[in-house]
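S.K.: Just one file: start33.cif, with mmCIF, C-alpha atoms.
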```cif
data_my_file
#
loop_
_atom_site.label_atom_id
_atom_site.label_comp_id
_atom_site.auth_asym_id
_atom_site.auth_seq_id
_atom_site.Cartn_x
_atom_site.Cartn_y
_atom_site.Cartn_z
CA MET A 1 50.21 -51.63 36.26
CA ALA A 2 46.81 -53.25 35.82
CA ARG A 3 44.89 -52.30 32.68
CA ARG A 4 41.45 -50.63 32.97
CA ARG A 5 38.71 -52.69 31.43
CA GLY A 6 35.58 -51.27 29.79
CA PRO A 7 32.05 -52.42 30.59
CA GLY A 8 31.11 -55.88 29.61
CA LEU A 9 28.35 -56.84 27.19
CA VAL A 10 25.63 -56.56 29.81
CA GLY A 11 26.92 -53.20 30.95
CA ARG A 12 26.96 -51.83 27.41
CA ALA A 13 23.37 -52.98 26.87
CA ILE A 14 22.21 -51.23 30.04
CA THR A 15 24.00 -48.02 29.04
CA ALA A 16 22.37 -48.04 25.58
CA PHE A 17 18.91 -48.63 27.11
CA LEU A 18 19.32 -45.70 29.51
CA ALA A 19 20.45 -43.42 26.67
CA VAL A 20 17.36 -44.25 24.58
CA ALA A 21 15.08 -43.80 27.58
CA SER A 22 16.68 -40.43 28.29
CA LEU A 23 16.04 -39.26 24.71
CA SER A 24 12.44 -40.46 24.95
CA VAL A 25 11.87 -38.28 27.99
CA VAL A 26 13.38 -35.24 26.27
CA CYS A 27 11.17 -35.60 23.18
CA VAL A 28 7.85 -36.24 24.91
CA GLY A 29 5.27 -33.60 23.96
CA GLU A 30 7.27 -32.01 21.10
CA VAL A 31 5.51 -31.54 17.77
CA PRO A 32 7.72 -31.88 14.70
CA ARG A 33 8.07 -28.57 12.76
CA PRO A 34 6.52 -28.82 9.30
CA ALA A 35 8.86 -28.81 6.36
CA ALA A 36 9.37 -25.49 4.57
CA CYS A 37 7.12 -24.77 1.59
CA ALA A 38 8.54 -25.66 -1.80
CA LEU A 39 8.08 -22.30 -3.55
CA ALA A 40 9.11 -21.94 -7.17
CA ARG A 41 11.69 -19.35 -8.14
CA GLY A 42 10.65 -15.95 -9.48
CA GLU A 43 7.37 -14.16 -8.88
CA LEU A 44 4.66 -15.88 -6.89
CA THR A 45 0.90 -15.58 -7.11
CA VAL A 46 -1.51 -15.50 -4.21
CA ASP A 47 -2.24 -19.15 -5.03
CA ASP A 48 1.43 -20.04 -4.57
CA LEU A 49 1.39 -18.43 -1.11
CA PRO A 50 -2.25 -18.87 -0.01
CA ALA A 51 -3.89 -17.30 3.00
CA GLY A 52 -3.04 -19.25 6.14
CA SER A 53 0.44 -20.23 4.99
CA SER A 54 3.53 -19.09 6.87
CA VAL A 55 6.15 -16.77 5.38
CA LEU A 56 8.61 -18.26 7.87
CA ASP A 57 8.04 -21.90 6.92
CA CYS A 58 7.92 -20.92 3.24
CA LEU A 59 10.97 -18.62 3.41
CA ALA A 60 8.85 -16.05 1.56
CA VAL A 61 9.89 -12.71 3.11
CA GLY A 62 11.09 -10.45 0.31
CA ARG A 63 9.51 -12.54 -2.46
CA VAL A 64 7.14 -10.77 -4.88
CA VAL A 65 3.51 -11.92 -4.77
CA THR A 66 1.13 -10.85 -7.55
CA HIS A 67 -2.62 -10.71 -8.06
CA ALA A 68 -4.54 -9.46 -11.11
CA GLY A 69 -1.65 -7.32 -12.35
CA ALA A 70 -0.65 -5.86 -8.98
CA GLY A 71 2.23 -7.03 -6.82
CA VAL A 72 3.95 -6.59 -3.46
CA ALA A 73 7.12 -7.84 -1.83
CA VAL A 74 6.26 -9.97 1.19
CA PRO A 75 7.08 -7.94 4.33
CA GLU A 76 8.49 -9.16 7.60
CA PRO A 77 6.11 -10.65 10.23
CA GLY A 78 3.92 -8.09 11.97
CA THR A 79 3.63 -5.90 8.85
CA THR A 80 0.94 -5.20 6.25
CA VAL A 81 1.61 -3.87 2.75
CA SER A 82 -1.02 -2.44 0.38
CA VAL A 83 -0.79 -1.38 -3.26
CA ASP A 84 -3.44 0.99 -4.64
CA ALA A 85 -3.36 2.15 -8.25
CA LEU A 86 -5.27 4.91 -10.02
CA THR A 87 -6.16 3.61 -13.50
CA ALA A 88 -7.30 5.21 -16.74
CA ASP A 89 -10.59 3.30 -16.78
CA GLY A 90 -11.32 2.81 -13.08
CA SER A 91 -10.56 -0.91 -13.22
CA PRO A 92 -9.25 -2.55 -10.04
CA LEU A 93 -5.49 -2.77 -9.57
CA GLY A 94 -4.50 -3.38 -5.99
CA PHE A 95 -4.61 -5.66 -2.97
CA THR A 96 -3.33 -6.01 0.58
CA LEU A 97 -1.02 -8.65 2.02
CA ALA A 98 -0.81 -8.88 5.81
CA VAL A 99 1.74 -10.95 7.69
CA ALA A 100 0.83 -11.67 11.32
CA ALA A 101 3.46 -11.69 14.06
CA ASP A 102 3.66 -15.49 13.78
CA GLY A 103 4.23 -15.29 10.02
CA THR A 104 0.70 -16.23 8.89
CA VAL A 105 -0.45 -14.67 5.61
CA SER A 106 -3.84 -13.06 4.89
CA TYR A 107 -5.14 -11.04 1.93
CA ALA A 108 -7.72 -8.38 1.13
CA TYR A 109 -8.71 -7.80 -2.49
CA GLU A 110 -10.16 -4.79 -4.21
CA ALA A 111 -13.63 -5.18 -5.69
CA ASP A 112 -14.25 -4.67 -9.40
CA HIS A 113 -15.18 -1.17 -10.53
CA ALA A 114 -15.70 -1.05 -14.25
CA ASP A 115 -15.16 -2.88 -17.51
CA HIS A 116 -13.88 -0.15 -19.83
CA THR A 117 -13.61 3.60 -20.31
CA GLU A 118 -16.94 4.12 -22.11
CA ALA A 119 -18.81 2.33 -19.34
CA VAL A 120 -17.13 4.59 -16.78
CA ALA A 121 -18.06 7.73 -18.71
CA ARG A 122 -21.70 6.67 -18.84
CA ALA A 123 -21.66 5.69 -15.17
CA ARG A 124 -20.15 9.01 -14.16
CA ALA A 125 -22.99 10.89 -15.81
CA ASP A 126 -25.50 8.77 -13.89
CA ALA A 127 -23.64 8.74 -10.56
CA PRO A 128 -24.73 10.97 -7.66
CA ALA A 129 -23.17 14.40 -7.37
CA PRO A 130 -20.13 14.51 -5.04
CA CYS A 131 -21.97 16.25 -2.22
CA ALA A 132 -24.93 13.85 -2.46
CA ASP A 133 -22.87 10.64 -2.37
CA GLY A 134 -21.96 9.33 1.07
CA ALA A 135 -20.16 6.16 -0.07
CA TYR A 136 -16.66 5.43 1.15
CA SER A 137 -14.29 2.63 2.02
CA THR A 138 -11.29 2.55 4.33
CA GLU A 139 -8.25 0.30 4.41
CA ASP A 140 -7.98 -0.28 8.16
CA ARG A 141 -4.91 1.93 8.65
CA LYS A 142 -4.25 5.54 9.61
CA GLU A 143 -1.50 7.99 10.49
CA TYR A 144 -1.58 8.32 14.26
CA GLY A 145 1.09 11.00 14.33
CA THR A 146 2.33 13.28 11.55
CA TYR A 147 2.88 12.01 8.03
CA LYS A 148 6.40 13.18 7.17
CA TRP A 149 7.19 13.01 3.49
CA PHE A 150 9.88 13.76 0.93
CA ILE A 151 10.09 14.54 -2.80
CA GLY A 152 12.41 12.43 -4.95
CA ASP A 153 15.24 14.09 -6.85
CA GLY A 154 14.27 12.88 -10.35
CA PRO A 155 11.97 14.46 -13.00
CA LEU A 156 8.48 15.26 -11.72
CA PRO A 157 5.02 15.16 -13.38
CA GLY A 158 4.11 17.97 -15.75
CA GLY A 159 7.72 19.14 -15.88
CA LEU A 160 7.26 20.86 -12.52
CA SER A 161 10.24 22.24 -10.67
CA ARG A 162 10.98 20.90 -7.22
CA HIS A 163 9.37 24.03 -5.70
CA GLU A 164 6.27 23.78 -7.91
CA ALA A 165 5.85 20.10 -7.15
CA ARG A 166 6.13 20.73 -3.43
CA ARG A 167 3.36 23.35 -3.61
CA ALA A 168 1.09 21.07 -5.68
CA PHE A 169 1.66 18.02 -3.45
CA GLU A 170 1.34 20.02 -0.23
CA ASP A 171 -1.95 21.44 -1.45
CA ALA A 172 -3.22 17.94 -2.25
CA VAL A 173 -2.13 16.51 1.11
CA ALA A 174 -3.73 19.48 2.88
CA THR A 175 -7.02 18.72 1.09
CA ILE A 176 -7.03 15.41 2.95
CA THR A 177 -5.76 16.60 6.34
CA THR A 178 -8.26 19.49 6.41
CA SER A 179 -11.06 17.56 4.61
CA ARG A 180 -11.38 20.43 2.11
CA ASN A 181 -14.74 20.22 0.34
CA ASP A 182 -17.43 22.25 -1.41
CA CYS A 183 -20.25 20.53 0.45
CA GLY A 184 -20.30 22.73 3.54
CA TYR A 185 -18.75 20.19 5.92
CA ASP A 186 -16.59 21.61 8.69
CA ASP A 187 -13.12 20.20 9.23
CA THR A 188 -13.21 17.75 12.11
CA VAL A 189 -10.46 15.51 10.72
CA ARG A 190 -7.42 15.31 13.01
CA ALA A 191 -4.80 14.27 10.51
CA LYS A 192 -1.40 15.92 10.21
CA ALA A 193 1.38 16.03 7.63
CA ARG A 194 4.69 17.80 7.12
CA PHE A 195 6.98 18.04 4.11
CA LEU A 196 10.61 17.52 5.09
CA SER A 197 12.91 17.89 2.07
CA SER A 198 14.06 16.48 -1.23
CA THR A 199 15.84 13.14 -1.11
CA GLY A 200 17.94 10.85 -3.24
CA ASN A 201 15.79 7.94 -2.10
CA GLU A 202 13.10 6.67 -4.43
CA ALA A 203 9.55 5.52 -3.82
CA GLY A 204 9.44 1.78 -3.10
CA ILE A 205 7.53 1.09 -6.32
CA ASP A 206 9.02 -0.71 -9.31
CA GLY A 207 8.45 -0.54 -13.08
CA GLU A 208 5.32 -2.67 -12.86
CA ALA A 209 3.62 -0.72 -10.05
CA ARG A 210 4.62 -3.32 -7.45
CA CYS A 211 5.52 -2.43 -3.88
CA THR A 212 9.14 -3.31 -3.17
CA HIS A 213 10.95 -2.93 0.15
CA ARG A 214 10.31 0.04 2.41
CA ASP A 215 13.30 2.17 3.38
CA GLY A 216 11.77 4.21 6.19
CA LEU A 217 11.15 7.35 4.07
CA SER A 218 7.78 8.30 2.56
CA VAL A 219 8.72 9.54 -0.92
CA TRP A 220 6.67 11.15 -3.69
CA ASP A 221 8.23 10.92 -7.14
CA ALA A 222 7.58 10.01 -10.78
CA GLY A 223 8.75 7.33 -13.18
CA ASP A 224 7.79 4.17 -15.04
CA ILE A 225 5.24 1.95 -13.30
CA GLY A 226 3.86 0.06 -16.31
CA SER A 227 1.10 1.14 -18.66
CA ALA A 228 -1.86 0.17 -16.46
CA ALA A 229 -1.49 2.69 -13.63
CA VAL A 230 -1.69 6.49 -13.79
CA ALA A 231 -0.28 6.68 -10.26
CA THR A 232 0.32 4.22 -7.45
CA THR A 233 0.56 4.36 -3.66
CA CYS A 234 2.33 1.70 -1.61
CA SER A 235 1.64 1.70 2.13
CA TRP A 236 3.15 -0.28 4.99
CA SER A 237 1.52 -0.53 8.41
CA ARG A 238 1.47 -2.60 11.59
CA PRO A 239 -1.17 -3.54 14.19
CA VAL A 240 -1.61 -1.37 17.27
CA PRO A 241 -2.10 -2.67 20.82
CA GLY A 242 -5.77 -2.95 21.71
CA GLY A 243 -6.95 -3.13 18.10
CA GLY A 244 -8.22 -0.44 15.78
CA PRO A 245 -6.82 0.73 12.43
CA GLU A 246 -3.21 -0.23 11.89
CA ALA A 247 -0.48 2.40 12.31
CA LEU A 248 1.04 3.73 9.10
CA LEU A 249 4.79 3.10 8.87
CA GLU A 250 5.49 4.48 5.39
CA ALA A 251 3.55 5.50 2.29
CA ASP A 252 5.21 6.11 -1.08
CA VAL A 253 3.57 7.69 -4.16
CA ARG A 254 4.71 7.53 -7.77
CA PHE A 255 3.21 9.21 -10.85
CA ASN A 256 3.45 7.37 -14.18
CA THR A 257 5.19 9.93 -16.39
CA TYR A 258 6.20 7.29 -18.96
CA ASP A 259 2.70 6.52 -20.19
CA PHE A 260 0.53 9.48 -19.17
CA PRO A 261 0.90 13.27 -19.51
CA PHE A 262 0.23 15.51 -16.52
CA THR A 263 -0.55 19.18 -16.14
CA ASN A 264 -0.86 21.58 -13.23
CA ARG A 265 -3.22 23.86 -15.14
CA PRO A 266 -5.81 21.98 -17.21
CA ALA A 267 -7.37 24.33 -19.74
CA GLY A 268 -9.87 24.21 -22.59
CA SER A 269 -7.22 22.84 -24.93
CA CYS A 270 -6.45 19.90 -22.62
CA ALA A 271 -6.93 16.58 -24.37
CA HIS A 272 -5.49 13.70 -22.38
CA ALA A 273 -3.41 15.14 -19.54
CA TYR A 274 -4.19 14.35 -15.91
CA ASP A 275 -4.46 17.15 -13.37
CA ILE A 276 -1.55 16.80 -10.96
CA ARG A 277 -3.44 18.11 -7.93
CA SER A 278 -6.45 15.85 -8.56
CA VAL A 279 -4.27 12.76 -8.86
CA ALA A 280 -2.17 13.81 -5.86
CA THR A 281 -5.29 14.34 -3.73
CA HIS A 282 -6.53 10.86 -4.60
CA GLU A 283 -3.16 9.33 -3.71
CA ALA A 284 -3.00 11.33 -0.47
CA GLY A 285 -6.37 9.81 0.39
CA HIS A 286 -4.76 6.37 0.18
CA VAL A 287 -1.85 7.57 2.32
CA PHE A 288 -4.26 8.46 5.11
CA GLY A 289 -6.24 5.21 4.85
CA LEU A 290 -9.03 5.77 2.32
CA GLY A 291 -9.89 3.04 -0.18
CA HIS A 292 -11.56 3.33 -3.58
CA SER A 293 -15.21 4.31 -3.64
CA GLY A 294 -16.24 1.76 -6.30
CA THR A 295 -18.72 1.52 -9.14
CA GLY A 296 -21.64 3.91 -8.97
CA HIS A 297 -19.59 6.55 -7.13
CA GLU A 298 -17.52 7.90 -10.01
CA ASN A 299 -17.82 11.55 -8.90
CA LEU A 300 -16.03 11.09 -5.60
CA THR A 301 -12.34 11.90 -5.24
CA MET A 302 -11.58 8.32 -4.18
CA TYR A 303 -13.01 6.73 -7.30
CA ALA A 304 -10.24 4.77 -9.05
CA ASN A 305 -10.06 7.20 -12.00
CA SER A 306 -9.40 10.93 -11.66
CA PHE A 307 -10.41 11.53 -15.33
CA ALA A 308 -8.12 13.34 -17.75
CA CYS A 309 -8.37 17.15 -17.86
CA SER A 310 -10.69 17.22 -14.83
CA THR A 311 -9.99 19.18 -11.64
CA ASP A 312 -13.02 17.79 -9.79
CA ALA A 313 -10.92 15.59 -7.48
CA ARG A 314 -9.06 18.59 -6.08
CA THR A 315 -11.78 18.83 -3.43
CA LEU A 316 -13.59 16.09 -1.53
CA GLY A 317 -17.11 14.79 -1.83
CA LYS A 318 -19.42 13.76 0.98
CA GLY A 319 -18.24 10.14 1.07
CA ASP A 320 -14.58 11.17 1.03
CA VAL A 321 -15.15 13.40 4.06
CA LEU A 322 -17.16 10.77 5.91
CA GLY A 323 -14.42 8.19 5.28
CA LEU A 324 -11.80 10.46 6.81
CA ARG A 325 -14.06 11.23 9.76
CA SER A 326 -14.50 7.52 10.40
CA LEU A 327 -10.72 7.20 10.74
CA TYR A 328 -9.80 10.53 12.35
#
```
Would you put the structure from the file into structure tokens?
M.R.:
Amino acid sequence: MARRRGPGLVGRAITAFLAVASLSVVCVGEVPRPAACALARGELTVDDLPAGSSVLDCLAVGRVVTHAGAGVAVPEPGTTVSVDALTADGSPLGFTLAVAADGTVSYAYEADHADHTEAVARARADAPAPCADGAYSTEDRKEYGTYKWFIGDGPLPGGLSRHEARRAFEDAVATITTSRNDCGYDDTVRAKARFLSSTGNEAGIDGEARCTHRDGLSVWDAGDIGSAAVATTCSWSRPVPGGGPEALLEADVRFNTYDFPFTNRPAGSCAHAYDIRSVATHEAGHVFGLGHSGTGHENLTMYANSFACSTDARTLGKGDVLGLRSLY
């Protein structure tokens, strides 16, 4: 039987040339994918993951990014996460990290409010009365449907029972959804909320007031969130077709019962305790898309300090109402 012979030298050269030419045709027009970012281990800062970078190229989803004492876990593409903290002196503690559908990062930072407690006290005395102050800010998100929320199963602020906490939190949430105020403004705000039940799930907020991963449940609870924040709200949202404020996906609230005392009935003997309903109303404002009112507007509910022993933030000021009307 005759043996089969392979191609000669010329034939092998022609075959190699055709293979290279074929690969050239396949690769024409392709742009090489950039190498992944070289992120250090541990927490990142906004400088480590700057605006315009890609969470996909950088493998950053789930990593914690911090700014000026606040922090968030990077969400999946197409999601925005915001951390908003109520502080004892009105100083800023919060920012927003948005991840576009293509993985691109952008940030929004909170403006400065005050330097220290004494400055805030003086400013509050000079600030316009609540019903004369029309200032407000919004965070470009809203609840398009009904905000459905739960209470965590751990200890609650002020030693409240589960039933007492539900009543206090429901009252605070209702202040926002009905735009309850002493300024004579009718309720034209179309926001809705419904308490569902207690849950074993916890708010997605860690011991340093940083937003962790969302679990699909909006939980109100209490615990340790570091000494800087009296209470913190973490909100997750996503863009809506056609533009407009983003749609709220989840909003968790945690009271700092490790570093601050709370009471449901501030009285003349109150020294340093925070009114639960005032703090809860402020946090509910964040849930429904309100931002902090800023320096010079210390008498509004959405100022970044609810002031110990004060019940003033249980009802809304002019700016708080106008902010809700702009969204709803």
S.K.: Tell me, as a PDB file with C-alpha atoms, in the coordinates of the input, which residues lie within 7 Å of Cys183 (chain A), counting only C-alpha atoms; anything in the same chain fewer than 6 positions away does not count.
M.R.:
```pdb
ATOM      1  CA  CYS A 131     -21.970  16.250  -2.220  1.00  0.00           C
ATOM      2  CA  GLY A 317     -17.110  14.790  -1.830  1.00  0.00           C
ATOM      3  CA  LYS A 318     -19.420  13.760   0.980  1.00  0.00           C
TER       4      LYS A 318
END
```
S.K.: Near Asp171 (chain A), counting only C-alpha atoms, which residues have an atom at most 9 Å away, once you skip same-chain residues fewer than 5 positions from it, shown as a list in words?
M.R.: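 Here the qualifying residues turn out to be Arg166, Arg277, Ala280, Thr281 and Arg314 of chain A.
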S.K.: Let's have the selection written as a JSON list (two decimals), keeping the file's coordinate frame, with C-alpha atoms.
M.R.:
```
[["chain", "number", "residue", "atom", "x", "y", "z"],
["A", 166, "ARG", "CA", 6.13, 20.73, -3.43],
["A", 277, "ARG", "CA", -3.44, 18.11, -7.93],
["A", 280, "ALA", "CA", -2.17, 13.81, -5.86],
["A", 281, "THR", "CA", -5.29, 14.34, -3.73],
["A", 314, "ARG", "CA", -9.06, 18.59, -6.08]]
```
S.K.: Can you pull out every residue within 8 Å of His213 (chain A), counting all atoms listed in the file, but drop anything in the same chain fewer than 6 positions away, and send it as a list in words?
M.R.: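 Those residues are Gly62, Ala73, Pro75 and Gly204 of chain A.
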S.K.: Taking 4 positions as the minimum chain separation for residues in the same chain, which residues sit within 7 Å of Phe260 (chain A) when counting only C-alpha atoms? Answer as a list in words.
M.R.: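 Here the qualifying residues turn out to be Val230, Asn256 and Ala273 of chain A.
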S.K.: May I have the selected residues written with C-alpha atoms, as a JSON list (two decimals), in the frame of the given file?
M.R.:
```
[["chain", "number", "residue", "atom", "x", "y", "z"],
["A", 230, "VAL", "CA", -1.69, 6.49, -13.79],
["A", 256, "ASN", "CA", 3.45, 7.37, -14.18],
["A", 273, "ALA", "CA", -3.41, 15.14, -19.54]]
```
S.K.: What does the PyMOL selection byres ((chain A and resi 110) around 12) select in this file, as a VMD selection string?
M.R.: chain A and resid 67 to 68 70 82 to 85 90 to 97 107 to 109 111 to 113 137 to 139 291 to 295 304
S.K.: Name the closest residue to Leu49 (chain A) among the candidates A:Val65, A:Ala271, A:Leu290, A:Val321; distances are taken between atoms, counting all atoms listed in the file.
M.R.: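 Smallest distance to Leu49 (chain A) is found for A:Val65.
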S.K.: On this structure, the PyMOL selection byres ((chain A and resi 55) around 10) would catch which residues? List them as a list in words, sorted by chain and number.
M.R.: Ala36, Cys37, Leu49, Gly52, Ser53, Ser54, Leu56, Asp57, Cys58, Leu59, Ala60, Val61, Gly62, Arg63, Val74, Pro75, Glu76, Pro77, Val99, Ala100, Asp102, Gly103, Thr104 and Val105 of chain A
S.K.: Going by the chain IDs and residue numbers used in this file, which residues fall under the PyMOL selection byres ((chain A and resi 179) around 9)? Write them as a VMD selection string.
M.R.: chain A and resid 174 to 178 180 to 181 185 to 189 315 to 316 320 to 321 324 to 325
S.K.: Could you tell me which of A:Thr233, A:Ala127, A:Phe307, A:Leu196 comes closest to His272 (chain A) if we count all atoms listed in the file?
M.R.: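 Under the stated criterion, the closest residue is A:Phe307.
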S.K.: Of the candidates A:Ala247, A:Ile151, A:Ala229, A:Ala308, which one gets nearest to Arg167 (chain A) if we count all atoms listed in the file?
M.R.: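 Among the listed residues, A:Ile151 lies closest to Arg167 (chain A).
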S.K.: Could you check which of A:Gly226, A:Gly158, A:Pro261, A:Gly145 is closest to Ala191 (chain A), using only C-alpha atoms?
M.R.: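 Distance minimum relative to Ala191 (chain A) lands on A:Gly145.
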S.K.: Would you kindly identify which residues have an atom no farther than 9 Å from (-14.7, 18.1, -12.7), using all atoms listed in the file and the file's own coordinates, and write them out as a PDB file with C-alpha atoms, in the coordinates of the input?
M.R.:
```pdb
ATOM      1  CA  ASN A 299     -17.820  11.550  -8.900  1.00  0.00           C
ATOM      2  CA  SER A 306      -9.400  10.930 -11.660  1.00  0.00           C
ATOM      3  CA  PHE A 307     -10.410  11.530 -15.330  1.00  0.00           C
ATOM      4  CA  CYS A 309      -8.370  17.150 -17.860  1.00  0.00           C
ATOM      5  CA  SER A 310     -10.690  17.220 -14.830  1.00  0.00           C
ATOM      6  CA  THR A 311      -9.990  19.180 -11.640  1.00  0.00           C
ATOM      7  CA  ASP A 312     -13.020  17.790  -9.790  1.00  0.00           C
ATOM      8  CA  ALA A 313     -10.920  15.590  -7.480  1.00  0.00           C
ATOM      9  CA  ARG A 314      -9.060  18.590  -6.080  1.00  0.00           C
TER      10      ARG A 314
END
```
S.K.: Neighbouring residues of Lys192 (chain A) were defined as those with any atom within 8 Å, considering all atoms listed in the file; residues of the same chain fewer than 2 positions away were excluded. Please report them as JSON, numbers by chain.
M.R.: {"A": [143, 145, 146, 147, 177, 190, 194]}
S.K.: Around all of region 123-141 of chain A's listed atoms, make the axis-aligned box with 8 Å on each side and tell me centre and edge lengths in Å to one decimal, as lines of an AutoDock Vina configuration file.
M.R.:
```
center_x = -15.2
center_y = 8.0
center_z = -3.6
size_x = 36.6
size_y = 32.5
size_z = 40.5
```
S.K.: At what distance in Å, to one decimal, does CA of Leu156 (chain A) lie from CA of Ile276 (chain A)?
M.R.: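 About the pair CA of Ile276 (chain A) and CA of Leu156 (chain A): they are 10.2 Å apart.
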